[in-house]
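**Student:** Got a file for you: my_file_9.csv, CSV, C-alpha atoms.
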chain,number,residue,atom,x,y,z
A,20,MET,CA,-38.4,-116.2,8.2
A,21,PHE,CA,-37.1,-113.4,6.1
A,22,HIS,CA,-33.4,-114.0,7.1
A,23,GLU,CA,-33.5,-117.5,5.5
A,24,LEU,CA,-35.3,-116.2,2.4
A,25,VAL,CA,-32.5,-113.7,1.8
A,26,ARG,CA,-29.5,-115.7,2.8
A,27,PRO,CA,-29.0,-117.7,-0.5
A,28,TYR,CA,-28.9,-114.4,-2.4
A,29,GLU,CA,-27.0,-112.1,-0.1
A,30,LYS,CA,-23.8,-112.6,-2.1
A,31,SER,CA,-25.5,-111.7,-5.4
A,32,VAL,CA,-27.0,-108.6,-3.8
A,33,TYR,CA,-23.6,-107.5,-2.7
A,34,PHE,CA,-21.9,-108.1,-6.1
A,35,ALA,CA,-24.7,-106.4,-8.0
A,36,ALA,CA,-24.1,-103.3,-5.9
A,37,TYR,CA,-20.4,-103.7,-6.2
A,38,SER,CA,-20.6,-104.0,-10.1
A,39,ILE,CA,-21.9,-100.4,-10.1
A,40,LEU,CA,-20.2,-98.8,-7.1
A,41,GLN,CA,-16.8,-100.4,-7.3
A,42,ASN,CA,-16.3,-99.8,-3.6
A,43,GLU,CA,-16.6,-102.5,-0.9
A,44,HIS,CA,-17.9,-100.2,1.8
A,45,ASP,CA,-20.6,-98.6,-0.4
A,46,ALA,CA,-21.6,-102.0,-1.9
A,47,GLU,CA,-22.1,-103.4,1.6
A,48,ASP,CA,-24.1,-100.4,2.6
A,49,VAL,CA,-26.3,-100.7,-0.4
A,50,ALA,CA,-26.7,-104.5,0.1
A,51,GLN,CA,-28.1,-103.8,3.6
A,52,GLU,CA,-30.4,-101.1,2.3
A,53,THR,CA,-31.6,-103.5,-0.4
A,54,VAL,CA,-32.5,-106.2,2.1
A,55,LEU,CA,-34.3,-103.7,4.3
A,56,LYS,CA,-36.2,-102.3,1.2
A,57,ALA,CA,-37.1,-105.9,0.2
A,58,LEU,CA,-38.5,-106.5,3.7
A,59,ARG,CA,-40.7,-103.4,3.5
A,60,SER,CA,-41.8,-104.1,0.0
A,61,LEU,CA,-42.3,-107.8,0.2
A,62,HIS,CA,-46.0,-107.4,-0.4
A,63,THR,CA,-45.2,-105.9,-3.9
A,64,PHE,CA,-43.2,-109.0,-5.0
A,65,ARG,CA,-44.9,-110.8,-7.8
A,66,ALA,CA,-44.3,-114.5,-8.0
A,67,GLU,CA,-43.9,-114.5,-11.7
A,68,SER,CA,-40.4,-113.1,-11.3
A,69,LYS,CA,-37.8,-115.0,-9.3
A,70,PHE,CA,-37.1,-113.7,-5.8
A,71,SER,CA,-33.3,-113.6,-6.5
A,72,THR,CA,-33.9,-111.5,-9.7
A,73,TRP,CA,-36.2,-109.1,-7.8
A,74,LEU,CA,-33.6,-108.7,-5.0
A,75,VAL,CA,-30.8,-108.1,-7.5
A,76,SER,CA,-32.8,-105.5,-9.4
A,77,ILE,CA,-33.5,-103.6,-6.2
A,78,ALA,CA,-29.7,-103.7,-5.5
A,79,LEU,CA,-28.9,-102.4,-8.9
A,80,ASN,CA,-31.4,-99.6,-8.6
A,81,GLU,CA,-30.2,-98.7,-5.1
A,82,ALA,CA,-26.6,-98.6,-6.3
A,83,ARG,CA,-27.5,-96.4,-9.3
A,84,GLY,CA,-29.4,-94.1,-7.0
A,85,ARG,CA,-26.5,-93.7,-4.7
A,86,LEU,CA,-24.1,-93.1,-7.6
A,87,ARG,CA,-26.5,-90.5,-9.0
A,88,HIS,CA,-26.7,-88.9,-5.7
A,89,GLU,CA,-22.9,-88.7,-5.5
A,90,ARG,CA,-23.0,-87.2,-9.0
A,91,LEU,CA,-20.6,-89.8,-10.1
A,92,ILE,CA,-23.1,-90.9,-12.7
A,93,GLN,CA,-22.1,-88.0,-14.9
A,94,PHE,CA,-18.6,-89.3,-15.0
A,95,ASP,CA,-19.8,-92.9,-15.6
A,96,SER,CA,-22.4,-92.1,-18.2
A,97,VAL,CA,-19.8,-90.7,-20.6
A,98,ASP,CA,-18.6,-94.2,-21.3
A,99,ALA,CA,-21.9,-95.8,-20.7
A,100,ILE,CA,-23.4,-94.5,-23.9
A,101,PRO,CA,-21.7,-96.6,-26.6
A,102,ASP,CA,-24.0,-97.7,-29.4
A,103,GLU,CA,-25.1,-101.3,-29.0
A,104,ASP,CA,-24.5,-102.1,-32.6
A,105,SER,CA,-21.3,-100.4,-33.4
A,106,GLY,CA,-17.8,-100.4,-31.9
A,107,ASP,CA,-15.1,-102.8,-32.4
A,108,PHE,CA,-15.1,-106.5,-31.5
A,109,THR,CA,-11.4,-106.8,-31.8
A,110,PRO,CA,-9.7,-108.9,-29.2
A,111,ALA,CA,-6.0,-109.0,-28.5
A,112,VAL,CA,-4.8,-111.2,-31.3
A,113,ILE,CA,-2.2,-113.6,-29.9
A,114,SER,CA,-0.6,-116.5,-31.5
A,115,ASP,CA,-0.8,-118.9,-28.6
A,116,TRP,CA,-2.1,-119.1,-25.1
A,117,ARG,CA,-0.8,-120.9,-22.1
A,118,GLU,CA,-3.4,-121.6,-19.5
A,119,VAL,CA,-3.3,-119.6,-16.3
A,120,PRO,CA,-4.2,-122.1,-13.5
A,121,LEU,CA,-6.7,-121.1,-10.8
A,122,GLU,CA,-3.9,-121.6,-8.2
A,123,ALA,CA,-2.3,-118.5,-9.6
A,124,LEU,CA,-5.1,-116.6,-7.9
A,125,GLU,CA,-3.2,-117.0,-4.6
A,126,ARG,CA,-1.2,-114.2,-6.1
A,127,LYS,CA,-2.5,-110.8,-5.0
A,128,GLU,CA,-1.1,-109.2,-8.1
A,129,LEU,CA,-3.2,-111.4,-10.3
A,130,ARG,CA,-6.4,-110.7,-8.3
A,131,ASP,CA,-5.7,-107.0,-8.5
A,132,MET,CA,-5.1,-107.2,-12.2
A,133,LEU,CA,-8.4,-108.9,-12.8
A,134,ARG,CA,-10.4,-106.5,-10.6
A,135,LYS,CA,-8.7,-103.5,-12.2
A,136,ALA,CA,-9.7,-104.8,-15.7
A,137,ILE,CA,-13.3,-105.1,-14.6
A,138,ARG,CA,-13.2,-101.7,-13.0
A,139,GLY,CA,-12.0,-100.3,-16.3
A,140,LEU,CA,-15.0,-101.5,-18.2
A,141,PRO,CA,-17.8,-99.0,-19.0
A,142,ALA,CA,-20.6,-99.5,-16.5
A,143,MET,CA,-23.1,-101.1,-18.9
A,144,TYR,CA,-20.6,-103.9,-19.7
A,145,ARG,CA,-19.3,-104.2,-16.2
A,146,GLU,CA,-22.8,-104.9,-14.8
A,147,VAL,CA,-23.5,-107.6,-17.3
A,148,LEU,CA,-20.1,-109.3,-16.8
A,149,VAL,CA,-20.4,-109.3,-13.1
A,150,LEU,CA,-23.9,-110.7,-13.0
A,151,ARG,CA,-23.3,-113.3,-15.7
A,152,ASP,CA,-19.7,-114.3,-15.3
A,153,VAL,CA,-18.9,-113.5,-11.7
A,154,GLN,CA,-22.3,-114.3,-10.2
A,155,ASP,CA,-23.2,-117.0,-12.7
A,156,LEU,CA,-26.7,-115.7,-13.4
A,157,SER,CA,-28.2,-117.0,-16.6
A,158,ILE,CA,-28.7,-114.7,-19.6
A,159,ALA,CA,-32.4,-114.6,-18.8
A,160,GLU,CA,-31.8,-113.7,-15.2
A,161,THR,CA,-29.3,-111.1,-16.0
A,162,ALA,CA,-31.7,-109.6,-18.5
A,163,ALA,CA,-34.6,-109.6,-16.0
A,164,ALA,CA,-32.4,-108.0,-13.3
A,165,LEU,CA,-31.3,-105.2,-15.6
A,166,GLY,CA,-34.7,-104.7,-17.3
A,167,VAL,CA,-33.4,-105.4,-20.8
A,168,ASN,CA,-33.9,-108.2,-23.3
A,169,ASP,CA,-31.7,-111.2,-23.8
A,170,GLY,CA,-30.3,-109.9,-27.0
A,171,VAL,CA,-29.0,-106.8,-25.3
A,172,VAL,CA,-27.3,-108.9,-22.6
A,173,LYS,CA,-25.6,-111.1,-25.2
A,174,THR,CA,-24.3,-108.1,-27.1
A,175,ARG,CA,-23.0,-106.4,-24.0
A,176,LEU,CA,-21.5,-109.7,-22.8
A,177,LEU,CA,-19.6,-110.2,-26.0
A,178,ARG,CA,-18.2,-106.7,-25.8
A,179,ALA,CA,-17.3,-107.1,-22.1
A,180,ARG,CA,-15.6,-110.4,-22.6
A,181,LEU,CA,-13.6,-109.3,-25.5
A,182,MET,CA,-12.6,-106.1,-23.7
A,183,MET,CA,-11.4,-108.2,-20.8
A,184,GLN,CA,-9.5,-110.4,-23.2
A,185,LYS,CA,-8.0,-107.4,-24.9
A,186,VAL,CA,-6.7,-105.9,-21.7
A,187,LEU,CA,-5.7,-109.0,-19.9
A,188,ALA,CA,-4.4,-111.5,-22.5
A,189,PRO,CA,-1.2,-109.6,-23.3
A,190,GLN,CA,-0.5,-109.1,-19.6
A,191,LEU,CA,-1.1,-112.7,-18.7
A,192,ASN,CA,0.5,-114.4,-21.6
A,193,ILE,CA,3.7,-115.9,-20.2
A,194,GLY,CA,5.2,-116.4,-23.7
A,195,ARG,CA,5.3,-112.7,-24.1
A,196,GLY,CA,6.9,-111.9,-20.9
A,197,GLY,CA,3.7,-110.8,-19.2
A,198,LEU,CA,3.2,-110.4,-15.5
A,199,LEU,CA,2.7,-114.0,-14.8
A,200,GLY,CA,5.9,-114.7,-16.6
A,201,MET,CA,7.5,-112.5,-14.0
A,202,PHE,CA,5.7,-114.4,-11.2
A,203,LYS,CA,7.1,-117.6,-12.6
A,204,ARG,CA,10.6,-116.3,-12.8
A,205,ARG,CA,10.3,-115.0,-9.2
A,206,ALA,CA,9.0,-118.3,-8.0
A,207,GLY,CA,11.9,-120.1,-9.5
A,208,GLY,CA,10.1,-121.8,-12.3
A,209,SER,CA,7.0,-123.0,-10.5
A,210,TRP,CA,3.9,-121.1,-9.5
A,211,PHE,CA,4.7,-121.0,-5.8
B,11,MET,CA,-20.3,-121.9,-44.3
B,12,VAL,CA,-16.7,-120.5,-44.3
B,13,LEU,CA,-16.1,-118.0,-41.6
B,14,ASN,CA,-13.4,-115.4,-41.3
B,15,CYS,CA,-11.8,-114.3,-38.0
B,16,LYS,CA,-14.1,-111.4,-37.5
B,17,HIS,CA,-17.2,-113.6,-37.8
B,18,VAL,CA,-15.7,-115.9,-35.2
B,19,TRP,CA,-14.9,-113.1,-32.8
B,20,LYS,CA,-18.5,-111.9,-33.1
B,21,GLU,CA,-19.8,-115.3,-32.1
B,22,ILE,CA,-17.2,-116.2,-29.5
B,23,SER,CA,-19.3,-115.2,-26.5
B,24,ASN,CA,-22.3,-117.2,-27.7
B,25,TYR,CA,-20.0,-120.1,-28.5
B,26,ILE,CA,-18.6,-120.1,-25.0
B,27,ASP,CA,-22.1,-120.1,-23.6
B,28,GLY,CA,-23.1,-122.9,-26.0
B,29,THR,CA,-25.9,-120.9,-27.5
B,30,VAL,CA,-24.9,-121.0,-31.2
B,31,PRO,CA,-26.9,-123.2,-33.6
B,32,PRO,CA,-25.3,-126.5,-34.5
B,33,GLU,CA,-24.4,-125.5,-38.1
B,34,LEU,CA,-22.7,-122.3,-37.0
B,35,ARG,CA,-20.9,-124.2,-34.2
B,36,ASP,CA,-19.5,-126.6,-36.7
B,37,SER,CA,-18.2,-123.8,-38.9
B,38,ILE,CA,-16.6,-122.0,-35.9
B,39,GLU,CA,-14.9,-125.2,-34.9
B,40,GLN,CA,-13.7,-125.8,-38.4
B,41,HIS,CA,-12.2,-122.3,-38.4
B,42,LEU,CA,-10.7,-122.8,-34.9
B,43,ALA,CA,-9.0,-126.0,-36.0
B,44,ASN,CA,-7.2,-124.0,-38.7
B,45,CYS,CA,-6.6,-120.7,-37.1
B,46,ARG,CA,-4.2,-120.6,-34.1
B,47,HIS,CA,-4.9,-116.9,-33.5
B,48,CYS,CA,-8.7,-117.5,-33.0
B,49,ALA,CA,-8.0,-120.6,-31.0
B,50,ALA,CA,-5.8,-118.5,-28.7
B,51,VAL,CA,-8.4,-115.8,-28.5
B,52,LEU,CA,-11.0,-118.4,-27.5
B,53,ASP,CA,-8.7,-120.1,-24.9
B,54,SER,CA,-7.6,-116.9,-23.4
B,55,THR,CA,-11.1,-115.5,-23.1
B,56,ARG,CA,-12.4,-118.7,-21.5
B,57,ASN,CA,-9.4,-118.8,-19.1
B,58,ILE,CA,-10.0,-115.2,-18.0
B,59,LEU,CA,-13.7,-116.0,-17.4
B,60,TYR,CA,-12.7,-118.9,-15.2
B,61,LEU,CA,-10.4,-116.7,-13.2
B,62,ILE,CA,-12.9,-113.9,-12.6
B,63,ALA,CA,-15.5,-116.5,-11.5
B,64,ASP,CA,-13.3,-117.8,-8.8
B,65,GLU,CA,-14.2,-116.8,-5.3
B,66,ARG,CA,-10.7,-115.6,-4.6
B,67,THR,CA,-11.0,-112.9,-7.2
B,68,PHE,CA,-14.1,-111.3,-5.6
B,69,ALA,CA,-14.5,-112.2,-2.0
B,70,LEU,CA,-17.2,-110.9,0.3
B,71,PRO,CA,-15.9,-108.5,3.0
B,72,VAL,CA,-15.2,-110.4,6.3
B,73,GLY,CA,-18.3,-110.3,8.5
B,74,TYR,CA,-20.6,-109.1,5.7
B,75,SER,CA,-23.3,-111.6,6.3
B,76,ASP,CA,-23.3,-111.1,10.1
B,77,ARG,CA,-23.6,-107.3,9.8
B,78,LEU,CA,-26.3,-107.7,7.2
B,79,HIS,CA,-28.4,-110.0,9.3
B,80,LEU,CA,-27.8,-107.9,12.4
B,81,ARG,CA,-29.2,-104.8,10.6
B,82,LEU,CA,-32.1,-106.8,9.3
B,83,GLN,CA,-32.9,-108.1,12.8
B,84,ASN,CA,-32.8,-104.6,14.2
B,85,ALA,CA,-35.2,-103.5,11.5
B,86,ILE,CA,-37.5,-106.4,12.2
B,87,ASN,CA,-37.4,-105.6,15.9
B,88,THR,CA,-38.2,-102.0,15.3
B,89,GLU,CA,-41.1,-102.8,13.0
B,90,GLU,CA,-42.5,-105.2,15.6
B,91,ALA,CA,-42.2,-102.7,18.3
B,92,ASP,CA,-43.6,-99.9,16.2
B,93,PRO,CA,-45.7,-101.4,13.4
Produce structure tokens that represent the structure in this file.

**Tutor:**
Amino acid sequence: MFHELVRPYEKSVYFAAYSILQNEHDAEDVAQETVLKALRSLHTFRAESKFSTWLVSIALNEARGRLRHERLIQFDSVDAIPDEDSGDFTPAVISDWREVPLEALERKELRDMLRKAIRGLPAMYREVLVLRDVQDLSIAETAAALGVNDGVVKTRLLRARLMMQKVLAPQLNIGRGGLLGMFKRRAGGSWF
Amino acid sequence: MVLNCKHVWKEISNYIDGTVPPELRDSIEQHLANCRHCAAVLDSTRNILYLIADERTFALPVGYSDRLHLRLQNAINTEEADP
């Protein structure tokens, strides 16, 4: 039954669309369109690719199509052009790091901060980061879904991860009076 | 092989993914043991990746799955009625 075929990947489909559209409503709409398109095109699916990768690549294409349709692509493509081999790899250089525990995600401020940092990435880096680091696709699966080779995924991933570090590390570093330091003070010395 | 900080930054993503060759990995680890800045860059990057991978950071909209399958079922019913 098609429902059961799709169910394990419905989350990946949503986040693939979200990585491009950055809007919950549109991402859900595209996720639905993706599944309907997959239903109608099932006969074109080739067993040499994974079903999950096929679905995710449909979602990415649908989302890009919608963005193009809304003419937002013009805005996005400005920062989607960076040369793969140039640019800086400079992270935020900090002298020490105090681990931010996962429990801190109970704080809306932290979740918002993380989402905002991802939204701020150029599209080509955001897509790779969401597929690989949010959705936990492998390098090969990410490459297949995006239609690029593994080397391109690795290069974009490095940039994306260092950009995230550069934006977030100074804000999160308690020792430097970052936002989480503020949470901590507010919570009277403990996280909650 | 002696690495400087920039070399380490360039490999940090592959290092996190465990895809650097053993010899390079040893050189990176040697550098990290002696460079608190690079060690902090690695720890912070890894920590941020754990945070964004957590389900609380990116949750699905409530009712997403139900709406998806309802729409799918409607499409299947329509196709069956009008193939």

**Student:** Once you count all atoms listed in the file, what closest atom pair and distance in Å to one decimal does each residue of chain B within 7 Å of chain A have, with rows by chain and rising residue number, as CSV?

**Tutor:**
residue,atom,partner,partner_atom,distance
B:Trp19,CA,A:Phe108,CA,6.7
B:Lys20,CA,A:Phe108,CA,6.6
B:Ser23,CA,A:Leu177,CA,5.0
B:Arg46,CA,A:Ser114,CA,6.0
B:His47,CA,A:Ser114,CA,4.8
B:Ala50,CA,A:Asp115,CA,5.0
B:Val51,CA,A:Val112,CA,6.5
B:Asp53,CA,A:Trp116,CA,6.7
B:Ser54,CA,A:Trp116,CA,6.2
B:Thr55,CA,A:Gln184,CA,5.3
B:Asn57,CA,A:Glu118,CA,6.6
B:Leu59,CA,A:Asp152,CA,6.6
B:Leu61,CA,A:Leu121,CA,6.2
B:Ile62,CA,A:Val153,CA,6.1
B:Ala63,CA,A:Val153,CA,4.5
B:Arg66,CA,A:Leu124,CA,6.6
B:Thr67,CA,A:Arg130,CA,5.2
B:Leu78,CA,A:Gln51,CA,5.6
B:His79,CA,A:His22,CA,6.8
B:Leu82,CA,A:Leu55,CA,6.3

**Student:** May I ask for the distance between CA of Ala78 (chain A) and CA of Asp64 (chain B), given in Å to one decimal place?

**Tutor:** 21.9 Å

**Student:** What is the distance between CA of Ile26 (chain B) and CA of Val171 (chain A), in Å to one decimal?

**Tutor:**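 So the answer is 16.9 Å.
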
**Student:** Nearest residue to Arg56 (chain B) out of B:Leu34, B:Ile22, B:Ile86, B:Leu70, using all atoms listed in the file?

**Tutor:**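 Among B:Leu34, B:Ile22, B:Ile86, B:Leu70, it is B:Ile22 that comes nearest to Arg56 (chain B).
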
**Student:** Could you jot down the CA of Leu40 (chain A) to CA of Lys135 (chain A) separation for me, Å, one decimal place?

**Tutor:**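 Result for CA of Leu40 (chain A) versus CA of Lys135 (chain A): 13.4 Å, one decimal.
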